[in-house]
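J.: I'd like to ask some things about the structure below.
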Amino acid sequence: METTSVSTVKPKRKDKSEDVQEERKQEETPSGEPQRKLLRLGETLDKPLAVPEVQLNAVYQQKELTQWLQTTWTKAKGDETVKDDKTGAQVFADPFQICLLPGLLAEGTSKALVSEIIDKVTWSRKQMDLYEFYQSTDLSNMPRCRLLTNFLQVLRKQVRPWLEKVTNLKLDYVSASCSMYTCGDYLLVHDDLLKDRQIAFIYYLSPWEGAEEWNETQGGSLEIFSSDSQCFPQFPVHRKIAPKDNQFAFFKVGSRSFHQVGEVTTFDYPRLTINGWFHGETNEAFVPDSMRAFPRLSYLQPDSSSKQQPLALLLNNVYLKTATRRSIQKRIEENSEICLYEFFKREKFELARAQLLNDSDSLVWRRQGPANAHNYEVMDLSTARGTIQELLQLFRSNAMFDLLRDFTDLDLSGADAVRPKCSVELQRWSHGNYTVLGDGLVSEENTLDLVYYLNAAEGAAVITYLSPDGELPNEKQKQTQTQGSDEEDDDSVLLTISPVDNALNIVYRCEGTTKFTKYVSRNTPLEKGPVFVISCSYKE
C-alpha cells in the first residue's frame, strides 16, 4: 500500500470524555465550582487574625537550627531519618534528599493566606496526560493579593539565602503559584528536572478544624519513588508525606527526584498549596536526564508455528464478507480509523471475559513500568490457555495479517510484503493505572494499531491520540511537569477511544503520532472488575 494515500488519524467520534472536558472548562472562571466550594469552606473558618505581613516562625531564624539542618542535609545517608526534637523538622536521605519544616510561618498566617486565596485568586483548570488540578497565575502577577505577594518576598529575601546555606547551592530566583486539587485530581510521576531548577518546594495550607493534618484515606500525599540503576522510577511508592497545615517541604531536584501527588479522594477539603522552585545555574543532572529513553515495544513476525483456529470459528461472520471488507477499507482510507462492533462471536467473547475474571491461578500478570511512563499490568502470554490463547494466537497469525491487508490495503501479507511484524499485549486496567506521553509511545514510523476491550467500563483505559505537529516529548513533557501549562489544544487531539465490549478499534497512525491512556480515577466505577485490553501494533 502507498502509505501516503492514507490521511493521518482524524477525530470523527465525539465521546463523553469530550463533554466532561467542556464542563471542566466552564469551571476555570472565579465563579466556577472550585471557587464556590472554597467560598463555602471559607464560611467554616474562624475569622483569621489580622496579619499585617507574612513572617517566618522565629525558631527557623535561629543560627543553631540552620547549622543543624546544614550538617544533617549534607551527612544524612541511606534509610536514616533525622528529626529535630525542638521544631519537629525532619530530613530524609533516601531515596533522595527531602526536608520537612512544620510550622514555617507565624501562627495564624496560613489561615489568613487561605482567606485571601478564597477572596481574590482566580483558578485555571489544568488537564494533560500527567495531571488534573487547578492552578493560579504566578505569585509575581498578583498585585491584588497583598499576603501572597508578601509571601513571595519572604521566599526571595529570607528563604532563598537561608536555603543556600543549608544546601550549599547557588540559588538565583524563585517561581511560585497556588495549586488546588479537588476530589479526583492528581499529578503523576515526574522528576521536576528542567535546566535551571535546583530546589522544589511545597507549602501546605489546610487550616480547617480537624483537617490540619490529612490521613492516608484522604489522598493528596506527596509520594516519593525509588529509582533503578538507569534512573527509572520503580513501584511501589517508597514514602508518603501527607498534607499538613503550615508545613514547608523542599527537596533537591535531580535525575532521581521522582515523585507524584496521589489522587485526592476526599470531597470535604481541597489540597491547597503554594509551590514552585528555586532556580540557579544549569542543573548538573539535566543533560544525562534528557538523553534517557523510555523502553519501546518489541515486534515479532507472524506466528506460523502454532495450530490456529480458522477465522470463521472466532470472528463475527459479517467481517469475513467481501463487501464488508471493501467498506472497511474505504472507511479507513478516508478517516484512518474505524470501530468494528461485535468483532468476535459473542460466545467466544463471553468465554474469554469469564476466563480473565476468574482464572487467577494460572494466568500470570506483572506491572508494566517504569512509573514515569506506564502503570498497568500485562499478562505473561506463555500462561494463556483456552479461549484467551486462541484470541492472542489469532492476532499474530498469518490469517490476521491477511485480513488486515484486506481491511487497510497495507502490505502486511502477499507478494508485496517485505517483513511485516506485530506486537501483541494483553493489559489489565484498574484504579490508579495510566500511561503518559513519552518517547516509547511516539510512533517512529507509520503503524496500524488494534485495540480490543473485554469487560469494558466507562472511563477506564480511555486512549487519546495526539497530532505529531505539536511539541511532544521529551520537551513538551518536561515543560508541563507541574508548571500547569494549558490543557492540550483541541486541534492536537486526533482521536479518543472509549471502551466498548467486544469492539475492535483499528487506527492507522502516521510517524510522530503519539498516544496516552488516561489515568483511571478511583471515582471510576469498576464494579464488574478490571478492564482488559488486547493492544496490538502492526508494521509493514
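Order determines the names: the first chain of the C-alpha cells is A, the second B, and so forth; residues in each chain are numbered 1 upward, and ligands are numbered 1 upward as they are shown.
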Can you tell me which residues surround Cys145 (chain A) at a distance of at most 8 Å, considering only C-alpha atoms, apart from same-chain residues fewer than 4 positions away, and format the answer as a ChimeraX atom specification?
T.: /A:116-117,120-121,149
J.: With a distance cut-off of 9 Å and only C-alpha atoms, select the neighbouring residues of Gln309 (chain A), excluding the residue or stretch itself and same-chain residues fewer than 6 positions from it, and output the selection as number ranges by chain.
T.: A: 390, 393-394
J.: Please produce a file of those selected residues containing N, CA, C and O atoms, as an mmCIF file, in the first residue's frame.
T.:
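Writing the result to selection-v7.cif gives the following:
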data_model
loop_
_atom_site.group_PDB
_atom_site.id
_atom_site.type_symbol
_atom_site.label_atom_id
_atom_site.label_comp_id
_atom_site.auth_asym_id
_atom_site.auth_seq_id
_atom_site.Cartn_x
_atom_site.Cartn_y
_atom_site.Cartn_z
ATOM 1 N N GLU A 390 -6.494 -18.705 22.181
ATOM 2 C CA GLU A 390 -6.975 -18.668 20.802
ATOM 3 C C GLU A 390 -7.001 -17.247 20.244
ATOM 4 O O GLU A 390 -6.564 -16.998 19.122
ATOM 5 N N GLN A 393 -3.365 -15.880 19.823
ATOM 6 C CA GLN A 393 -2.711 -16.503 18.661
ATOM 7 C C GLN A 393 -3.258 -15.932 17.363
ATOM 8 O O GLN A 393 -2.508 -15.758 16.385
ATOM 9 N N LEU A 394 -4.561 -15.635 17.355
ATOM 10 C CA LEU A 394 -5.169 -15.072 16.151
ATOM 11 C C LEU A 394 -4.502 -13.762 15.747
ATOM 12 O O LEU A 394 -4.221 -13.533 14.561
#
J.: Restricting the calculation to only C-alpha atoms, which member of A:Phe349, A:Cys510, A:Lys195, A:Met379 is positioned closest to Ser362 (chain A)?
T.: A:Met379
J.: Among region 298-355 of chain A, which residues carry a DSSP assignment of strand (DSSP E or B), reported as a compact mmCIF listing (two decimals) with N, CA and C atoms, in the first residue's frame?
T.:
# COMPACT_ATOMS: atom_id res chain seq x y z
N LEU A 300 7.40 -8.89 16.54
CA LEU A 300 7.67 -10.25 16.07
C LEU A 300 6.99 -10.47 14.72
N ASP A 303 3.15 -15.55 13.40
CA ASP A 303 3.40 -16.85 14.00
C ASP A 303 2.77 -17.94 13.14
N LEU A 315 -14.47 -15.18 14.47
CA LEU A 315 -14.95 -13.85 14.12
C LEU A 315 -16.44 -13.83 13.78
N GLU A 337 -9.33 5.44 10.68
CA GLU A 337 -9.77 4.69 11.86
C GLU A 337 -11.17 4.15 11.66
N ILE A 338 -11.48 3.08 12.41
CA ILE A 338 -12.82 2.51 12.40
C ILE A 338 -13.00 1.68 13.66
N CYS A 339 -14.23 1.56 14.10
CA CYS A 339 -14.55 0.69 15.24
C CYS A 339 -15.47 -0.41 14.73
N LEU A 340 -15.04 -1.67 14.90
CA LEU A 340 -15.80 -2.83 14.44
C LEU A 340 -16.48 -3.47 15.65
N PHE A 344 -15.72 -10.39 17.61
CA PHE A 344 -15.67 -11.84 17.77
C PHE A 344 -17.08 -12.38 18.01
J.: Counting only C-alpha atoms, which of A:Val424, A:Pro95, A:Arg385, A:Thr322 gets nearest to Asp228 (chain A)?
T.: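 Closest to Asp228 (chain A) of all the choices is A:Pro95.
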J.: For the contact check between region 262-366 of chain A and region 208-218 of chain A, emit one row per residue of region 262-366 of chain A within 12 Å, containing the shortest atom pair and the distance in Å rounded to one decimal, counting only C-alpha atoms, chain then rising number order, as a tab-separated table.
T.:
residue	atom	partner	partner_atom	distance
A:Gly262	CA	A:Gln218	CA	9.6
A:Glu263	CA	A:Gln218	CA	8.7
A:Val264	CA	A:Gln218	CA	6.1
A:Thr265	CA	A:Gln218	CA	5.0
A:Thr266	CA	A:Gln218	CA	4.9
A:Phe267	CA	A:Gln218	CA	8.6
A:Asp268	CA	A:Gln218	CA	9.0
A:Tyr269	CA	A:Ala211	CA	7.9
A:Pro270	CA	A:Gln218	CA	9.9
A:Arg271	CA	A:Trp214	CA	9.4
A:Leu272	CA	A:Trp208	CA	11.4
J.: Just to be explicit: take each residue in the selection above, keep all heavy atoms, and write the result as a PDB file, in the first residue's frame.
T.:
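Output (result.pdb):
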ATOM      1  N   GLY A 262      -0.543  12.018  44.985  1.00  0.00           N
ATOM      2  CA  GLY A 262      -1.560  10.983  44.940  1.00  0.00           C
ATOM      3  C   GLY A 262      -2.948  11.578  44.754  1.00  0.00           C
ATOM      4  O   GLY A 262      -3.222  12.712  45.200  1.00  0.00           O
ATOM      5  N   GLU A 263      -3.808  10.833  44.098  1.00  0.00           N
ATOM      6  CA  GLU A 263      -5.167  11.314  43.840  1.00  0.00           C
ATOM      7  C   GLU A 263      -5.861  11.721  45.138  1.00  0.00           C
ATOM      8  O   GLU A 263      -5.837  10.986  46.139  1.00  0.00           O
ATOM      9  CB  GLU A 263      -5.983  10.221  43.154  1.00  0.00           C
ATOM     10  CG  GLU A 263      -7.415  10.633  42.839  1.00  0.00           C
ATOM     11  CD  GLU A 263      -8.225   9.519  42.194  1.00  0.00           C
ATOM     12  OE1 GLU A 263      -7.643   8.473  41.846  1.00  0.00           O
ATOM     13  OE2 GLU A 263      -9.450   9.698  42.037  1.00  0.00           O
ATOM     14  N   VAL A 264      -6.468  12.900  45.127  1.00  0.00           N
ATOM     15  CA  VAL A 264      -7.268  13.350  46.274  1.00  0.00           C
ATOM     16  C   VAL A 264      -8.575  12.566  46.284  1.00  0.00           C
ATOM     17  O   VAL A 264      -9.286  12.510  45.276  1.00  0.00           O
ATOM     18  CB  VAL A 264      -7.538  14.864  46.198  1.00  0.00           C
ATOM     19  CG1 VAL A 264      -8.537  15.295  47.273  1.00  0.00           C
ATOM     20  CG2 VAL A 264      -6.230  15.641  46.344  1.00  0.00           C
ATOM     21  N   THR A 265      -8.890  11.954  47.404  1.00  0.00           N
ATOM     22  CA  THR A 265     -10.064  11.085  47.485  1.00  0.00           C
ATOM     23  C   THR A 265     -11.133  11.616  48.436  1.00  0.00           C
ATOM     24  O   THR A 265     -12.175  10.987  48.611  1.00  0.00           O
ATOM     25  CB  THR A 265      -9.653   9.666  47.923  1.00  0.00           C
ATOM     26  OG1 THR A 265      -8.859   9.749  49.116  1.00  0.00           O
ATOM     27  CG2 THR A 265      -8.836   8.986  46.839  1.00  0.00           C
ATOM     28  N   THR A 266     -10.888  12.756  49.048  1.00  0.00           N
ATOM     29  CA  THR A 266     -11.895  13.355  49.924  1.00  0.00           C
ATOM     30  C   THR A 266     -12.660  14.433  49.181  1.00  0.00           C
ATOM     31  O   THR A 266     -12.088  15.205  48.410  1.00  0.00           O
ATOM     32  CB  THR A 266     -11.261  13.950  51.192  1.00  0.00           C
ATOM     33  OG1 THR A 266     -12.289  14.578  51.974  1.00  0.00           O
ATOM     34  CG2 THR A 266     -10.201  14.996  50.864  1.00  0.00           C
ATOM     35  N   PHE A 267     -13.968  14.489  49.426  1.00  0.00           N
ATOM     36  CA  PHE A 267     -14.802  15.561  48.887  1.00  0.00           C
ATOM     37  C   PHE A 267     -14.878  16.749  49.852  1.00  0.00           C
ATOM     38  O   PHE A 267     -15.393  17.799  49.502  1.00  0.00           O
ATOM     39  CB  PHE A 267     -16.227  15.054  48.626  1.00  0.00           C
ATOM     40  CG  PHE A 267     -16.347  14.166  47.416  1.00  0.00           C
ATOM     41  CD1 PHE A 267     -16.273  12.791  47.531  1.00  0.00           C
ATOM     42  CD2 PHE A 267     -16.524  14.721  46.151  1.00  0.00           C
ATOM     43  CE1 PHE A 267     -16.385  11.972  46.413  1.00  0.00           C
ATOM     44  CE2 PHE A 267     -16.630  13.919  45.031  1.00  0.00           C
ATOM     45  CZ  PHE A 267     -16.561  12.538  45.156  1.00  0.00           C
ATOM     46  N   ASP A 268     -14.359  16.564  51.075  1.00  0.00           N
ATOM     47  CA  ASP A 268     -14.571  17.557  52.123  1.00  0.00           C
ATOM     48  C   ASP A 268     -13.704  18.800  51.968  1.00  0.00           C
ATOM     49  O   ASP A 268     -14.171  19.925  52.192  1.00  0.00           O
ATOM     50  CB  ASP A 268     -14.319  16.930  53.497  1.00  0.00           C
ATOM     51  CG  ASP A 268     -15.281  15.803  53.795  1.00  0.00           C
ATOM     52  OD1 ASP A 268     -16.428  15.869  53.316  1.00  0.00           O
ATOM     53  OD2 ASP A 268     -14.889  14.840  54.494  1.00  0.00           O
ATOM     54  N   TYR A 269     -12.433  18.593  51.616  1.00  0.00           N
ATOM     55  CA  TYR A 269     -11.494  19.715  51.550  1.00  0.00           C
ATOM     56  C   TYR A 269     -10.617  19.591  50.313  1.00  0.00           C
ATOM     57  O   TYR A 269     -10.281  18.483  49.888  1.00  0.00           O
ATOM     58  CB  TYR A 269     -10.583  19.738  52.796  1.00  0.00           C
ATOM     59  CG  TYR A 269     -11.334  19.789  54.094  1.00  0.00           C
ATOM     60  CD1 TYR A 269     -11.577  18.624  54.820  1.00  0.00           C
ATOM     61  CD2 TYR A 269     -11.804  20.992  54.597  1.00  0.00           C
ATOM     62  CE1 TYR A 269     -12.275  18.655  56.014  1.00  0.00           C
ATOM     63  CE2 TYR A 269     -12.509  21.043  55.791  1.00  0.00           C
ATOM     64  CZ  TYR A 269     -12.742  19.870  56.494  1.00  0.00           C
ATOM     65  OH  TYR A 269     -13.441  19.906  57.668  1.00  0.00           O
ATOM     66  N   PRO A 270     -10.202  20.718  49.745  1.00  0.00           N
ATOM     67  CA  PRO A 270      -9.235  20.657  48.653  1.00  0.00           C
ATOM     68  C   PRO A 270      -7.810  20.581  49.207  1.00  0.00           C
ATOM     69  O   PRO A 270      -7.545  21.012  50.337  1.00  0.00           O
ATOM     70  CB  PRO A 270      -9.463  21.986  47.924  1.00  0.00           C
ATOM     71  CG  PRO A 270      -9.869  22.927  49.011  1.00  0.00           C
ATOM     72  CD  PRO A 270     -10.649  22.106  50.013  1.00  0.00           C
ATOM     73  N   ARG A 271      -6.925  20.066  48.409  1.00  0.00           N
ATOM     74  CA  ARG A 271      -5.493  20.095  48.754  1.00  0.00           C
ATOM     75  C   ARG A 271      -4.950  21.432  48.228  1.00  0.00           C
ATOM     76  O   ARG A 271      -4.759  21.612  47.039  1.00  0.00           O
ATOM     77  CB  ARG A 271      -4.759  18.923  48.106  1.00  0.00           C
ATOM     78  CG  ARG A 271      -3.247  18.883  48.385  1.00  0.00           C
ATOM     79  CD  ARG A 271      -2.620  17.799  47.528  1.00  0.00           C
ATOM     80  NE  ARG A 271      -1.219  17.552  47.822  1.00  0.00           N
ATOM     81  CZ  ARG A 271      -0.198  18.191  47.256  1.00  0.00           C
ATOM     82  NH1 ARG A 271      -0.424  19.137  46.357  1.00  0.00           N
ATOM     83  NH2 ARG A 271       1.053  17.870  47.565  1.00  0.00           N
ATOM     84  N   LEU A 272      -4.712  22.363  49.140  1.00  0.00           N
ATOM     85  CA  LEU A 272      -4.240  23.703  48.783  1.00  0.00           C
ATOM     86  C   LEU A 272      -2.758  23.835  49.099  1.00  0.00           C
ATOM     87  O   LEU A 272      -2.322  23.485  50.206  1.00  0.00           O
ATOM     88  CB  LEU A 272      -4.998  24.766  49.571  1.00  0.00           C
ATOM     89  CG  LEU A 272      -6.306  25.333  49.011  1.00  0.00           C
ATOM     90  CD1 LEU A 272      -6.863  26.360  49.991  1.00  0.00           C
ATOM     91  CD2 LEU A 272      -6.096  25.963  47.653  1.00  0.00           C
TER      92      LEU A 272
END
J.: Apply DSSP to the structure's backbone, then extract all residues of region 132-336 of chain A labelled alpha helix (DSSP H) and return them as a PyMOL selection string.
T.: chain A and resi 146-154+160-167+286-290+311-314+322-335
J.: Kindly save the residues from that selection, with C-alpha atoms included, as a PDB file, in the first residue's frame.
T.:
ATOM      1  CA  ARG A 146      -1.152  41.520  49.470  1.00  0.00           C
ATOM      2  CA  LEU A 147      -0.283  38.494  51.625  1.00  0.00           C
ATOM      3  CA  LEU A 148       0.603  36.219  48.697  1.00  0.00           C
ATOM      4  CA  THR A 149       2.850  38.924  47.274  1.00  0.00           C
ATOM      5  CA  ASN A 150       4.379  39.298  50.729  1.00  0.00           C
ATOM      6  CA  PHE A 151       4.886  35.508  50.926  1.00  0.00           C
ATOM      7  CA  LEU A 152       6.790  35.627  47.634  1.00  0.00           C
ATOM      8  CA  GLN A 153       9.034  38.357  49.054  1.00  0.00           C
ATOM      9  CA  VAL A 154       9.749  36.194  52.104  1.00  0.00           C
ATOM     10  CA  ARG A 160      16.340  31.724  49.372  1.00  0.00           C
ATOM     11  CA  PRO A 161      19.567  32.849  51.153  1.00  0.00           C
ATOM     12  CA  TRP A 162      18.749  30.535  54.049  1.00  0.00           C
ATOM     13  CA  LEU A 163      18.381  27.564  51.661  1.00  0.00           C
ATOM     14  CA  GLU A 164      21.692  28.477  50.027  1.00  0.00           C
ATOM     15  CA  LYS A 165      23.382  27.995  53.420  1.00  0.00           C
ATOM     16  CA  VAL A 166      21.554  24.732  54.145  1.00  0.00           C
ATOM     17  CA  THR A 167      22.047  23.091  50.723  1.00  0.00           C
ATOM     18  CA  PHE A 286      19.832  17.853  33.217  1.00  0.00           C
ATOM     19  CA  VAL A 287      21.976  16.706  30.268  1.00  0.00           C
ATOM     20  CA  PRO A 288      22.148  12.972  31.098  1.00  0.00           C
ATOM     21  CA  ASP A 289      18.464  13.013  32.060  1.00  0.00           C
ATOM     22  CA  SER A 290      17.429  14.461  28.692  1.00  0.00           C
ATOM     23  CA  LEU A 311     -11.287 -17.181  11.311  1.00  0.00           C
ATOM     24  CA  ALA A 312     -14.843 -18.417  10.725  1.00  0.00           C
ATOM     25  CA  LEU A 313     -14.830 -20.115  14.155  1.00  0.00           C
ATOM     26  CA  LEU A 314     -13.799 -16.950  16.014  1.00  0.00           C
ATOM     27  CA  THR A 322     -16.069  -9.371   0.722  1.00  0.00           C
ATOM     28  CA  ALA A 323     -18.450  -6.400   0.664  1.00  0.00           C
ATOM     29  CA  THR A 324     -17.799  -5.659   4.342  1.00  0.00           C
ATOM     30  CA  ARG A 325     -14.033  -5.779   3.827  1.00  0.00           C
ATOM     31  CA  ARG A 326     -14.299  -3.285   0.979  1.00  0.00           C
ATOM     32  CA  SER A 327     -16.466  -0.984   3.075  1.00  0.00           C
ATOM     33  CA  ILE A 328     -13.975  -1.130   5.967  1.00  0.00           C
ATOM     34  CA  GLN A 329     -11.052  -0.393   3.646  1.00  0.00           C
ATOM     35  CA  LYS A 330     -12.866   2.644   2.216  1.00  0.00           C
ATOM     36  CA  ARG A 331     -13.631   3.986   5.694  1.00  0.00           C
ATOM     37  CA  ILE A 332     -10.018   3.569   6.851  1.00  0.00           C
ATOM     38  CA  GLU A 333      -8.673   5.257   3.704  1.00  0.00           C
ATOM     39  CA  GLU A 334     -10.943   8.233   4.365  1.00  0.00           C
ATOM     40  CA  ASN A 335     -10.659   8.510   8.159  1.00  0.00           C
TER      41      ASN A 335
END
J.: With only C-alpha atoms as the counted atoms, please give the residues lying no more than 9 Å from Gln355 (chain A), apart from itself and same-chain residues fewer than 3 positions off, as a list in words.
T.: Glu350, Leu351, Ala352, Asn358, Asp359, Ser360, Gly386, Thr387 and Ile388 of chain A
J.: Give me a file of those residues, with N, CA, C and O atoms, as an mmCIF file, in the first residue's frame.
T.:
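Output file part-v9.cif is given in full below:
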data_model
loop_
_atom_site.group_PDB
_atom_site.id
_atom_site.type_symbol
_atom_site.label_atom_id
_atom_site.label_comp_id
_atom_site.auth_asym_id
_atom_site.auth_seq_id
_atom_site.Cartn_x
_atom_site.Cartn_y
_atom_site.Cartn_z
ATOM 1 N N GLU A 350 -17.602 -13.963 25.520
ATOM 2 C CA GLU A 350 -18.037 -14.256 26.885
ATOM 3 C C GLU A 350 -17.101 -15.255 27.564
ATOM 4 O O GLU A 350 -16.779 -15.114 28.755
ATOM 5 N N LEU A 351 -16.654 -16.266 26.835
ATOM 6 C CA LEU A 351 -15.716 -17.239 27.395
ATOM 7 C C LEU A 351 -14.396 -16.576 27.782
ATOM 8 O O LEU A 351 -13.830 -16.848 28.845
ATOM 9 N N ALA A 352 -13.903 -15.708 26.890
ATOM 10 C CA ALA A 352 -12.627 -15.033 27.162
ATOM 11 C C ALA A 352 -12.745 -14.113 28.370
ATOM 12 O O ALA A 352 -11.862 -14.083 29.240
ATOM 13 N N ASN A 358 -11.887 -14.898 36.157
ATOM 14 C CA ASN A 358 -11.957 -15.985 37.139
ATOM 15 C C ASN A 358 -10.700 -16.838 37.246
ATOM 16 O O ASN A 358 -10.497 -17.501 38.265
ATOM 17 N N ASP A 359 -9.864 -16.828 36.223
ATOM 18 C CA ASP A 359 -8.703 -17.729 36.230
ATOM 19 C C ASP A 359 -7.479 -17.017 36.795
ATOM 20 O O ASP A 359 -6.534 -16.685 36.085
ATOM 21 N N SER A 360 -7.500 -16.775 38.089
ATOM 22 C CA SER A 360 -6.387 -16.059 38.722
ATOM 23 C C SER A 360 -5.217 -16.969 39.072
ATOM 24 O O SER A 360 -4.117 -16.496 39.365
ATOM 25 N N GLY A 386 -6.807 -21.898 26.722
ATOM 26 C CA GLY A 386 -8.200 -21.860 26.310
ATOM 27 C C GLY A 386 -8.510 -20.759 25.312
ATOM 28 O O GLY A 386 -7.747 -20.479 24.383
ATOM 29 N N THR A 387 -9.665 -20.106 25.514
ATOM 30 C CA THR A 387 -10.131 -19.082 24.575
ATOM 31 C C THR A 387 -9.183 -17.898 24.503
ATOM 32 O O THR A 387 -8.959 -17.335 23.428
ATOM 33 N N ILE A 388 -8.599 -17.511 25.638
ATOM 34 C CA ILE A 388 -7.647 -16.392 25.647
ATOM 35 C C ILE A 388 -6.473 -16.710 24.728
ATOM 36 O O ILE A 388 -6.029 -15.875 23.935
#
J.: Near region 77-94 of chain A, counting only C-alpha atoms, which residues have an atom at most 10 Å away, once you skip same-chain residues fewer than 4 positions from it, shown as a list in words?
T.: Val59, Tyr60, Leu65, Trp68, Leu69, Thr72, Trp73, Ile98, Cys99, Leu100, Leu101, Pro102, Gly103, Leu104, Ile224, Phe225, Ser226, His238, Arg239, Gln247, Phe248, Ala249, Phe250 and Phe251 of chain A
J.: Counting only C-alpha atoms, what is within 8 Å of Phe232 (chain A), bar same-chain residues fewer than 4 positions away, as a list in words?
T.: Ser227, Asp228, Arg256, Pro370, Ala371 and Asn372 of chain A
